[in-house]
file run_8.txt (compact mmCIF, C-alpha atoms)
# COMPACT_ATOMS: atom_id res chain seq x y z
CA MET X 1 132.12 100.64 78.22
CA THR X 2 133.75 99.45 81.44
CA TRP X 3 131.91 96.50 82.96
CA PRO X 4 133.17 94.76 86.11
CA ARG X 5 132.67 91.05 85.47
CA PRO X 6 133.27 87.76 87.22
CA PRO X 7 135.14 85.23 85.08
CA ALA X 8 133.16 84.32 81.95
CA VAL X 9 131.94 80.81 81.10
CA GLY X 10 133.22 81.14 77.57
CA VAL X 11 130.21 82.77 75.90
CA THR X 12 130.25 86.44 74.90
CA GLY X 13 127.68 88.77 73.47
CA SER X 14 124.88 88.24 75.99
CA LEU X 15 122.48 91.20 75.95
CA VAL X 16 121.38 93.18 79.01
CA LEU X 17 119.43 96.41 79.50
CA VAL X 18 121.43 98.91 81.56
CA ALA X 19 121.24 102.48 82.77
CA ARG X 20 124.51 104.20 81.88
CA ALA X 21 123.78 106.90 84.47
CA TYR X 22 121.17 107.68 87.11
CA GLY X 23 118.18 109.61 85.79
CA GLY X 24 115.65 109.36 83.00
CA PRO X 25 115.01 106.78 80.28
CA GLN X 26 117.51 108.45 77.93
CA HIS X 27 120.24 106.73 79.94
CA GLN X 28 118.94 103.23 79.16
CA ALA X 29 120.74 101.10 76.58
CA LEU X 30 120.85 97.48 75.47
CA VAL X 31 124.48 96.37 75.60
CA GLU X 32 126.53 93.20 75.38
CA ARG X 33 128.45 91.58 78.22
CA ASP X 34 130.24 88.32 78.76
CA VAL X 35 128.24 85.54 80.38
CA PRO X 36 129.60 85.33 83.95
CA ALA X 37 130.48 82.13 85.76
CA PRO X 38 128.54 81.53 88.99
CA GLY X 39 130.51 81.74 92.20
CA PRO X 40 129.84 79.99 95.51
CA GLY X 41 126.15 79.97 96.35
CA GLU X 42 125.16 81.16 92.87
CA VAL X 43 123.57 79.84 89.69
CA LEU X 44 123.77 81.10 86.12
CA VAL X 45 120.27 81.52 84.68
CA ARG X 46 119.23 81.70 81.04
CA VAL X 47 116.42 84.21 81.44
CA ARG X 48 113.13 83.29 79.78
CA ALA X 49 110.98 86.07 81.23
CA ALA X 50 111.49 89.14 83.42
CA ALA X 51 108.64 91.28 84.77
CA VAL X 52 108.76 95.07 84.88
CA ASN X 53 108.01 96.92 88.14
CA PRO X 54 107.80 100.56 89.21
CA ALA X 55 110.84 99.79 91.35
CA ASP X 56 112.90 99.39 88.16
CA VAL X 57 112.21 103.03 87.33
CA LYS X 58 112.94 104.19 90.88
CA ARG X 59 116.24 102.32 90.88
CA ARG X 60 117.28 103.87 87.56
CA GLU X 61 116.40 107.32 88.89
CA GLY X 62 118.50 106.79 92.02
CA LEU X 63 115.57 106.86 94.44
CA PHE X 64 116.95 103.77 96.21
CA GLY X 65 120.37 105.35 96.51
CA THR X 66 123.24 106.10 94.18
CA THR X 67 126.10 104.19 95.78
CA ARG X 68 126.37 101.62 92.98
CA THR X 69 128.50 102.89 90.10
CA PRO X 70 126.77 102.79 86.68
CA PRO X 71 126.21 101.04 84.38
CA LEU X 72 123.29 99.54 86.30
CA ALA X 73 121.88 96.27 84.98
CA LEU X 74 118.10 96.60 85.21
CA GLY X 75 115.34 94.13 86.10
CA LEU X 76 114.48 92.72 89.51
CA GLU X 77 112.57 89.45 89.00
CA LEU X 78 112.83 86.56 86.57
CA SER X 79 111.95 83.08 85.48
CA GLY X 80 114.44 80.98 83.56
CA VAL X 81 116.54 77.86 83.24
CA VAL X 82 119.74 76.97 85.11
CA GLU X 83 122.76 76.89 82.77
CA ALA X 84 125.60 76.54 85.27
CA LEU X 85 126.03 75.90 89.01
CA GLY X 86 128.34 77.42 91.57
CA PRO X 87 130.84 74.98 93.08
CA ASP X 88 128.78 74.42 96.24
CA VAL X 89 125.26 74.28 94.73
CA THR X 90 124.17 70.64 94.84
CA ASP X 91 120.38 70.76 95.02
CA LEU X 92 119.75 72.02 91.46
CA ASP X 93 120.73 70.62 88.07
CA VAL X 94 121.55 72.29 84.77
CA GLY X 95 118.28 72.54 82.86
CA ASP X 96 116.08 73.07 85.94
CA GLY X 97 113.51 75.85 85.75
CA VAL X 98 113.78 78.50 88.48
CA VAL X 99 111.91 81.60 89.61
CA GLY X 100 113.33 84.41 91.71
CA ARG X 101 115.52 87.49 91.76
CA PRO X 102 118.87 88.16 90.12
CA ARG X 103 121.92 88.73 92.25
CA PRO X 104 122.09 92.42 93.27
CA GLY X 105 123.55 94.32 90.37
CA ALA X 106 123.18 91.47 87.85
CA GLY X 107 119.86 92.50 86.26
CA ALA X 108 116.94 90.43 84.94
CA PHE X 109 116.35 92.20 81.60
CA ALA X 110 119.08 90.04 80.12
CA GLU X 111 119.73 86.90 78.16
CA HIS X 112 121.82 85.49 81.02
CA THR X 113 122.19 86.56 84.64
CA LEU X 114 123.45 85.36 87.99
CA ALA X 115 121.23 84.60 90.97
CA ARG X 116 122.00 83.59 94.52
CA ARG X 117 120.73 80.07 95.20
CA ARG X 118 118.79 81.33 98.20
CA ASP X 119 116.91 83.81 95.99
CA VAL X 120 115.39 81.29 93.56
CA VAL X 121 112.93 78.42 93.86
CA ALA X 122 112.04 75.61 91.50
CA LYS X 123 109.56 76.47 88.75
CA PRO X 124 106.83 73.87 88.22
CA ALA X 125 106.89 72.55 84.66
CA GLY X 126 103.31 73.61 83.94
CA LEU X 127 103.76 77.23 85.04
CA PRO X 128 104.58 79.48 82.06
CA HIS X 129 107.74 81.55 82.40
CA GLU X 130 105.91 84.80 81.68
CA VAL X 131 103.53 84.13 84.58
CA ALA X 132 106.21 82.89 86.96
CA ALA X 133 108.33 86.01 86.38
CA THR X 134 105.64 88.23 87.94
CA LEU X 135 105.71 86.43 91.30
CA PRO X 136 108.97 87.25 93.14
CA ILE X 137 108.01 90.89 93.81
CA ALA X 138 104.27 91.49 93.32
CA GLY X 139 103.31 87.93 94.21
CA THR X 140 105.21 87.80 97.49
CA ALA X 141 104.08 91.32 98.43
CA ALA X 142 100.45 90.36 97.86
CA TRP X 143 100.89 87.15 99.86
CA ASP X 144 102.47 88.95 102.81
CA ALA X 145 99.96 91.82 102.69
CA PHE X 146 96.87 89.66 102.64
CA HIS X 147 98.07 87.36 105.39
CA GLN X 148 98.98 90.33 107.59
CA VAL X 149 95.72 92.21 107.13
CA ASP X 150 93.34 89.26 106.63
CA PRO X 151 90.04 90.23 108.30
CA GLY X 152 88.54 86.73 107.90
CA ALA X 153 85.77 85.10 105.92
CA GLY X 154 82.56 87.08 105.63
CA ARG X 155 84.24 90.36 106.57
CA THR X 156 85.23 93.30 104.37
CA LEU X 157 88.67 94.47 103.30
CA LEU X 158 89.21 97.86 101.67
CA VAL X 159 92.13 97.81 99.21
CA ILE X 160 93.31 101.31 98.33
CA GLY X 161 94.85 100.97 94.87
CA VAL X 162 93.32 97.63 93.93
CA GLY X 163 94.14 98.01 90.22
CA GLY X 164 97.88 97.33 90.39
CA GLY X 165 99.70 94.01 90.26
CA VAL X 166 99.75 93.56 94.04
CA GLY X 167 96.13 94.64 94.50
CA ASP X 168 94.99 92.29 91.75
CA LEU X 169 96.55 89.30 93.53
CA VAL X 170 95.30 90.42 96.95
CA ALA X 171 91.76 90.47 95.54
CA GLN X 172 92.22 86.90 94.32
CA LEU X 173 93.51 85.72 97.70
CA ALA X 174 90.66 87.47 99.48
CA ARG X 175 88.05 85.96 97.21
CA ALA X 176 89.46 82.47 97.83
CA ALA X 177 89.33 83.11 101.59
CA GLY X 178 85.71 84.29 101.51
CA THR X 179 86.63 87.91 102.27
CA ARG X 180 84.65 90.66 100.57
CA VAL X 181 86.79 93.32 98.88
CA VAL X 182 85.98 96.96 98.27
CA GLY X 183 88.69 98.50 96.14
CA THR X 184 89.62 101.95 94.90
CA GLY X 185 91.52 102.78 91.73
CA SER X 186 91.45 104.66 88.46
CA GLU X 187 88.38 104.13 86.30
CA SER X 188 90.44 102.20 83.75
CA LYS X 189 90.89 99.43 86.35
CA ARG X 190 87.17 98.93 87.00
CA ALA X 191 86.51 96.06 84.58
CA ARG X 192 89.40 93.93 85.79
CA ALA X 193 88.61 94.56 89.47
CA GLU X 194 84.94 93.73 89.06
CA SER X 195 85.84 90.52 87.21
CA LEU X 196 87.57 89.47 90.46
CA GLY X 197 84.47 90.16 92.52
CA VAL X 198 85.65 93.53 93.86
CA THR X 199 83.14 96.23 94.71
CA PHE X 200 84.92 98.95 92.79
CA VAL X 201 85.06 102.64 93.75
CA ALA X 202 86.74 105.18 91.47
CA SER X 203 89.49 107.18 93.15
CA GLY X 204 88.87 110.86 93.71
CA PRO X 205 86.91 113.32 95.81
CA GLY X 206 83.81 111.10 96.06
CA ALA X 207 85.65 107.94 97.06
CA LEU X 208 85.13 108.25 100.83
CA ALA X 209 81.36 108.58 100.52
CA ALA X 210 81.19 105.75 98.00
CA VAL X 211 83.21 103.39 100.20
CA ARG X 212 81.00 104.20 103.18
CA ALA X 213 77.93 103.52 101.08
CA ALA X 214 79.31 100.09 100.19
CA GLY X 215 79.00 98.97 103.80
CA PRO X 216 81.14 98.54 106.94
CA VAL X 217 84.88 97.98 106.46
CA ASP X 218 86.80 95.71 108.84
CA ALA X 219 90.36 96.26 107.61
CA VAL X 220 92.30 98.43 105.15
CA LEU X 221 95.24 97.55 102.91
CA ASP X 222 96.89 100.61 101.40
CA LEU X 223 98.75 100.24 98.11
CA ALA X 224 98.57 103.90 97.06
CA GLY X 225 99.59 106.07 100.02
CA GLY X 226 99.34 109.83 100.20
CA GLU X 227 96.02 111.61 100.37
CA ALA X 228 94.09 108.47 99.42
CA LEU X 229 95.28 106.74 102.60
CA ARG X 230 94.76 109.77 104.82
CA SER X 231 91.20 110.32 103.63
CA LEU X 232 89.98 106.71 103.44
CA VAL X 233 91.36 105.57 106.79
CA ALA X 234 88.27 107.18 108.30
CA VAL X 235 86.10 104.26 107.14
CA VAL X 236 87.54 101.78 109.65
CA ALA X 237 86.89 101.95 113.39
CA ASP X 238 90.08 100.16 114.47
CA ARG X 239 93.10 101.96 113.03
CA ALA X 240 95.31 99.01 114.03
CA SER X 241 93.65 97.08 111.17
CA VAL X 242 95.23 99.44 108.61
CA VAL X 243 98.33 98.09 106.81
CA SER X 244 100.27 100.09 104.23
CA ALA X 245 102.75 98.86 101.64
CA ALA X 246 102.92 102.26 99.92
CA ASP X 247 103.18 104.78 102.76
CA PRO X 248 104.19 102.96 105.95
CA ALA X 249 105.23 106.10 107.84
CA ALA X 250 101.82 107.68 107.27
CA ALA X 251 100.05 104.48 108.27
CA VAL X 252 101.96 104.26 111.54
CA ALA X 253 101.27 107.94 112.25
CA LEU X 254 97.57 107.23 111.70
CA GLY X 255 97.64 104.31 114.15
CA GLY X 256 98.15 101.55 111.58
CA GLN X 257 101.01 99.28 110.56
CA ALA X 258 103.67 98.99 107.90
CA LEU X 259 103.65 95.93 105.67
CA GLU X 260 105.82 93.20 107.16
CA ARG X 261 107.70 91.01 104.67
CA GLY X 262 107.97 87.36 105.59
CA PRO X 263 110.92 85.13 104.67
CA ASP X 264 110.68 82.20 102.29
CA VAL X 265 107.17 82.79 100.93
CA LEU X 266 108.11 82.63 97.23
CA ALA X 267 107.73 78.84 97.07
CA ASP X 268 104.19 79.12 98.48
CA VAL X 269 103.30 81.83 95.95
CA VAL X 270 104.73 79.83 93.04
CA ALA X 271 102.79 76.75 94.16
CA ALA X 272 99.56 78.77 94.37
CA ALA X 273 100.10 80.05 90.82
CA ALA X 274 100.92 76.58 89.51
CA GLU X 275 97.70 75.27 91.04
CA GLY X 276 95.64 78.11 89.57
CA ARG X 277 94.85 79.71 92.93
CA LEU X 278 96.71 82.86 91.81
CA ARG X 279 96.45 84.14 88.25
CA PRO X 280 98.72 87.12 87.55
CA ASN X 281 97.26 89.47 84.97
CA VAL X 282 99.94 89.60 82.26
CA THR X 283 98.69 92.08 79.68
CA ALA X 284 101.77 92.90 77.60
CA THR X 285 104.98 91.14 76.59
CA TYR X 286 108.01 92.57 74.79
CA PRO X 287 111.15 91.01 73.33
CA LEU X 288 114.41 91.97 75.00
CA THR X 289 115.22 94.25 72.06
CA ARG X 290 112.22 96.35 73.15
CA ALA X 291 112.86 96.18 76.90
CA ALA X 292 113.09 99.99 77.04
CA ASP X 293 109.53 100.18 75.65
CA ALA X 294 108.35 97.76 78.33
CA VAL X 295 109.87 99.96 81.05
CA ALA X 296 108.31 103.04 79.43
CA GLN X 297 104.85 101.47 79.53
CA VAL X 298 105.12 100.95 83.28
CA GLU X 299 106.81 104.31 83.85
CA GLY X 300 104.01 106.11 81.99
CA ARG X 301 101.40 104.22 84.06
CA HIS X 302 99.82 102.90 80.89
CA ALA X 303 99.98 99.27 81.97
CA ALA X 304 96.61 97.71 82.79
CA GLY X 305 98.35 94.62 84.21
CA LYS X 306 101.81 93.12 84.42
CA VAL X 307 104.33 93.86 81.67
CA VAL X 308 106.91 91.17 80.92
CA VAL X 309 110.12 91.10 78.89
CA LEU X 310 110.86 87.86 77.03
CA PRO X 311 114.61 87.53 76.23
call {"tool": "encode", "arguments": {"input": "run_8.txt", "output": "structure tokens"}}
result
Amino acid sequence: MTWPRPPAVGVTGSLVLVARAYGGPQHQALVERDVPAPGPGEVLVRVRAAAVNPADVKRREGLFGTTRTPPLALGLELSGVVEALGPDVTDLDVGDGVVGRPRPGAGAFAEHTLARRRDVVAKPAGLPHEVAATLPIAGTAAWDAFHQVDPGAGRTLLVIGVGGGVGDLVAQLARAAGTRVVGTGSESKRARAESLGVTFVASGPGALAAVRAAGPVDAVLDLAGGEALRSLVAVVADRASVVSAADPAAAVALGGQALERGPDVLADVVAAAAEGRLRPNVTATYPLTRAADAVAQVEGRHAAGKVVVLP
């Protein structure tokens, strides 16, 4: 296969999961590539864990655009160890643990990958790699979402789609802040949500009545979009208190807001996880040789929590 590479550091045969073409899972393959040398502003990371996200599937399918020429290295968030430094990176050392995102196009479902220095933060020694790897996407989204929508202690937040990775962490942040959470989701997510103190309501035709019966709602965080958002927005008096991460255009049309992403929050999220204030729900791990199975579990919506690949 043709693979555009920066100069190698002298090691070959590093595995990476790629999509050879845009489309379905049949285009995925585990291939070898040379280990690239980091350029200015970059670090080479030996990946220890990489979390799977729905965005991985959307990227493979071309839903984020098709301008990048395949093969596409897959995986969008990681935890690992620095193996080499770019010529101008002076605030990290070889052997340091880091958490963050790979350089665009480099992929995280890999034994080695490149990351821009600005896209990684130090990993505390006591934070397991498989937990840390779930934080750069879901963790930062949950942090931004809760702090944007936060209705305050003693008030009630409705989370539409509480059962996913972001909703799970939002529920934890809300509980720590003294905010009551009512959450909707599929019945399979009930046990986990209730273990976090969520008043759980099964999604479906009866959800609106059940949410209303649970008491007044002060703010809404939408993580599902579509009809669920359009029907449940009726429970809140002030539509400006509605924030959507899943369907921002619909939220704005309904009088609400799109989720706003803040800069430089990953370090705060990692610190919260290291201190036990955030506990990502990692429910399945796969070796890199079964990375395609890990993606399939998320793509088929069979994951009850976060799925992580362990190279």
call {"tool": "closest_residue", "arguments": {"input": "run_8.txt", "among": "X:Val265, X:Ala202, X:Ala228, X:Ala153", "to": "Asp247 of chain X", "atoms": "only C-alpha atoms"}}
result
X:Ala228
call {"tool": "closest_residue", "arguments": {"input": "run_8.txt", "among": "X:Leu92, X:Leu76, X:Leu278, X:Ala251", "to": "Val166 of chain X", "atoms": "only C-alpha atoms"}}
result
X:Leu278
call {"tool": "atom_distance", "arguments": {"input": "run_8.txt", "atom1": "atom CA of Arg68 of chain X", "atom2": "atom CA of Val18 of chain X"}}
result
12.7 Å
call {"tool": "residues_around", "arguments": {"input": "run_8.txt", "residues": "Gly256 of chain X", "least_positions_apart": "4", "cutoff": "6 Å", "atoms": "all atoms listed in the file", "output": "number ranges by chain"}}
result
X: 239-240, 242-243, 251-252
call {"tool": "residues_around", "arguments": {"input": "run_8.txt", "residues": "Arg46 of chain X", "least_positions_apart": "6", "cutoff": "8 Å", "atoms": "all atoms listed in the file", "output": "PyMOL selection string"}}
result
chain X and resi 80-83+111-113
call {"tool": "closest_residue", "arguments": {"input": "run_8.txt", "among": "X:Val182, X:Val211, X:Val98, X:Ala271", "to": "Val198 of chain X", "atoms": "all atoms listed in the file"}}
result
X:Val182
call {"tool": "closest_residue", "arguments": {"input": "run_8.txt", "among": "X:Ala193, X:Ala29, X:Val235, X:Val16", "to": "Gly75 of chain X", "atoms": "all atoms listed in the file"}}
result
X:Val16
call {"tool": "closest_residue", "arguments": {"input": "run_8.txt", "among": "X:Leu127, X:Val295, X:Ala246, X:Ala224", "to": "Leu17 of chain X", "atoms": "only C-alpha atoms"}}
result
X:Val295
call {"tool": "build_atoms", "arguments": {"input": "run_8.txt", "residues": "segment 223-234 of chain X", "atoms": "all heavy atoms", "output": "PDB file, in the frame of the given file"}}
result
ATOM      1  N   LEU X 223      97.743 100.452  99.141  1.00  0.00           N
ATOM      2  CA  LEU X 223      98.750 100.240  98.110  1.00  0.00           C
ATOM      3  C   LEU X 223      98.972 101.505  97.293  1.00  0.00           C
ATOM      4  O   LEU X 223      99.586 101.460  96.232  1.00  0.00           O
ATOM      5  CB  LEU X 223      98.301  99.099  97.170  1.00  0.00           C
ATOM      6  CG  LEU X 223      98.034  97.753  97.853  1.00  0.00           C
ATOM      7  CD1 LEU X 223      97.455  96.764  96.852  1.00  0.00           C
ATOM      8  CD2 LEU X 223      99.305  97.205  98.487  1.00  0.00           C
ATOM      9  N   ALA X 224      98.463 102.634  97.788  1.00  0.00           N
ATOM     10  CA  ALA X 224      98.570 103.900  97.060  1.00  0.00           C
ATOM     11  C   ALA X 224      99.262 104.984  97.871  1.00  0.00           C
ATOM     12  O   ALA X 224     100.041 105.774  97.341  1.00  0.00           O
ATOM     13  CB  ALA X 224      97.173 104.383  96.643  1.00  0.00           C
ATOM     14  N   GLY X 225      98.972 105.067  99.163  1.00  0.00           N
ATOM     15  CA  GLY X 225      99.590 106.070 100.020  1.00  0.00           C
ATOM     16  C   GLY X 225      99.040 107.460  99.795  1.00  0.00           C
ATOM     17  O   GLY X 225      98.034 107.658  99.106  1.00  0.00           O
ATOM     18  N   GLY X 226      99.702 108.432 100.405  1.00  0.00           N
ATOM     19  CA  GLY X 226      99.340 109.830 100.200  1.00  0.00           C
ATOM     20  C   GLY X 226      97.959 110.188 100.695  1.00  0.00           C
ATOM     21  O   GLY X 226      97.456 109.655 101.695  1.00  0.00           O
ATOM     22  N   GLU X 227      97.321 111.094  99.972  1.00  0.00           N
ATOM     23  CA  GLU X 227      96.020 111.610 100.370  1.00  0.00           C
ATOM     24  C   GLU X 227      94.950 110.518 100.363  1.00  0.00           C
ATOM     25  O   GLU X 227      94.021 110.554 101.161  1.00  0.00           O
ATOM     26  CB  GLU X 227      95.612 112.754  99.438  1.00  0.00           C
ATOM     27  CG  GLU X 227      94.288 113.416  99.798  1.00  0.00           C
ATOM     28  CD  GLU X 227      94.245 113.926 101.243  1.00  0.00           C
ATOM     29  OE1 GLU X 227      95.305 114.366 101.746  1.00  0.00           O
ATOM     30  OE2 GLU X 227      93.153 113.875 101.850  1.00  0.00           O
ATOM     31  N   ALA X 228      95.078 109.550  99.451  1.00  0.00           N
ATOM     32  CA  ALA X 228      94.090 108.470  99.420  1.00  0.00           C
ATOM     33  C   ALA X 228      94.058 107.724 100.744  1.00  0.00           C
ATOM     34  O   ALA X 228      92.981 107.443 101.295  1.00  0.00           O
ATOM     35  CB  ALA X 228      94.417 107.508  98.282  1.00  0.00           C
ATOM     36  N   LEU X 229      95.219 107.406 101.294  1.00  0.00           N
ATOM     37  CA  LEU X 229      95.280 106.740 102.600  1.00  0.00           C
ATOM     38  C   LEU X 229      94.730 107.634 103.686  1.00  0.00           C
ATOM     39  O   LEU X 229      93.894 107.201 104.500  1.00  0.00           O
ATOM     40  CB  LEU X 229      96.716 106.342 102.912  1.00  0.00           C
ATOM     41  CG  LEU X 229      96.995 105.874 104.348  1.00  0.00           C
ATOM     42  CD1 LEU X 229      96.186 104.636 104.673  1.00  0.00           C
ATOM     43  CD2 LEU X 229      98.489 105.623 104.550  1.00  0.00           C
ATOM     44  N   ARG X 230      95.166 108.881 103.722  1.00  0.00           N
ATOM     45  CA  ARG X 230      94.760 109.770 104.820  1.00  0.00           C
ATOM     46  C   ARG X 230      93.258 110.022 104.830  1.00  0.00           C
ATOM     47  O   ARG X 230      92.661 110.168 105.901  1.00  0.00           O
ATOM     48  CB  ARG X 230      95.530 111.089 104.710  1.00  0.00           C
ATOM     49  CG  ARG X 230      97.003 110.950 105.101  1.00  0.00           C
ATOM     50  CD  ARG X 230      97.695 112.298 105.179  1.00  0.00           C
ATOM     51  NE  ARG X 230      97.882 112.870 103.860  1.00  0.00           N
ATOM     52  CZ  ARG X 230      98.956 112.649 103.099  1.00  0.00           C
ATOM     53  NH1 ARG X 230      99.908 111.847 103.535  1.00  0.00           N
ATOM     54  NH2 ARG X 230      99.059 113.207 101.910  1.00  0.00           N
ATOM     55  N   SER X 231      92.641 110.061 103.666  1.00  0.00           N
ATOM     56  CA  SER X 231      91.200 110.320 103.630  1.00  0.00           C
ATOM     57  C   SER X 231      90.379 109.058 103.890  1.00  0.00           C
ATOM     58  O   SER X 231      89.378 109.088 104.613  1.00  0.00           O
ATOM     59  CB  SER X 231      90.799 110.927 102.284  1.00  0.00           C
ATOM     60  OG  SER X 231      91.045 110.030 101.218  1.00  0.00           O
ATOM     61  N   LEU X 232      90.803 107.916 103.360  1.00  0.00           N
ATOM     62  CA  LEU X 232      89.980 106.710 103.440  1.00  0.00           C
ATOM     63  C   LEU X 232      90.148 105.944 104.732  1.00  0.00           C
ATOM     64  O   LEU X 232      89.336 105.079 105.059  1.00  0.00           O
ATOM     65  CB  LEU X 232      90.295 105.797 102.250  1.00  0.00           C
ATOM     66  CG  LEU X 232      89.828 106.340 100.897  1.00  0.00           C
ATOM     67  CD1 LEU X 232      90.357 105.472  99.764  1.00  0.00           C
ATOM     68  CD2 LEU X 232      88.313 106.410 100.834  1.00  0.00           C
ATOM     69  N   VAL X 233      91.193 106.257 105.512  1.00  0.00           N
ATOM     70  CA  VAL X 233      91.360 105.570 106.790  1.00  0.00           C
ATOM     71  C   VAL X 233      90.190 105.818 107.718  1.00  0.00           C
ATOM     72  O   VAL X 233      89.937 105.032 108.653  1.00  0.00           O
ATOM     73  CB  VAL X 233      92.702 106.005 107.431  1.00  0.00           C
ATOM     74  CG1 VAL X 233      92.597 107.422 107.997  1.00  0.00           C
ATOM     75  CG2 VAL X 233      93.133 105.030 108.514  1.00  0.00           C
ATOM     76  N   ALA X 234      89.426 106.849 107.449  1.00  0.00           N
ATOM     77  CA  ALA X 234      88.270 107.180 108.300  1.00  0.00           C
ATOM     78  C   ALA X 234      87.168 106.130 108.256  1.00  0.00           C
ATOM     79  O   ALA X 234      86.292 106.126 109.124  1.00  0.00           O
ATOM     80  CB  ALA X 234      87.704 108.541 107.881  1.00  0.00           C
TER      81      ALA X 234
END
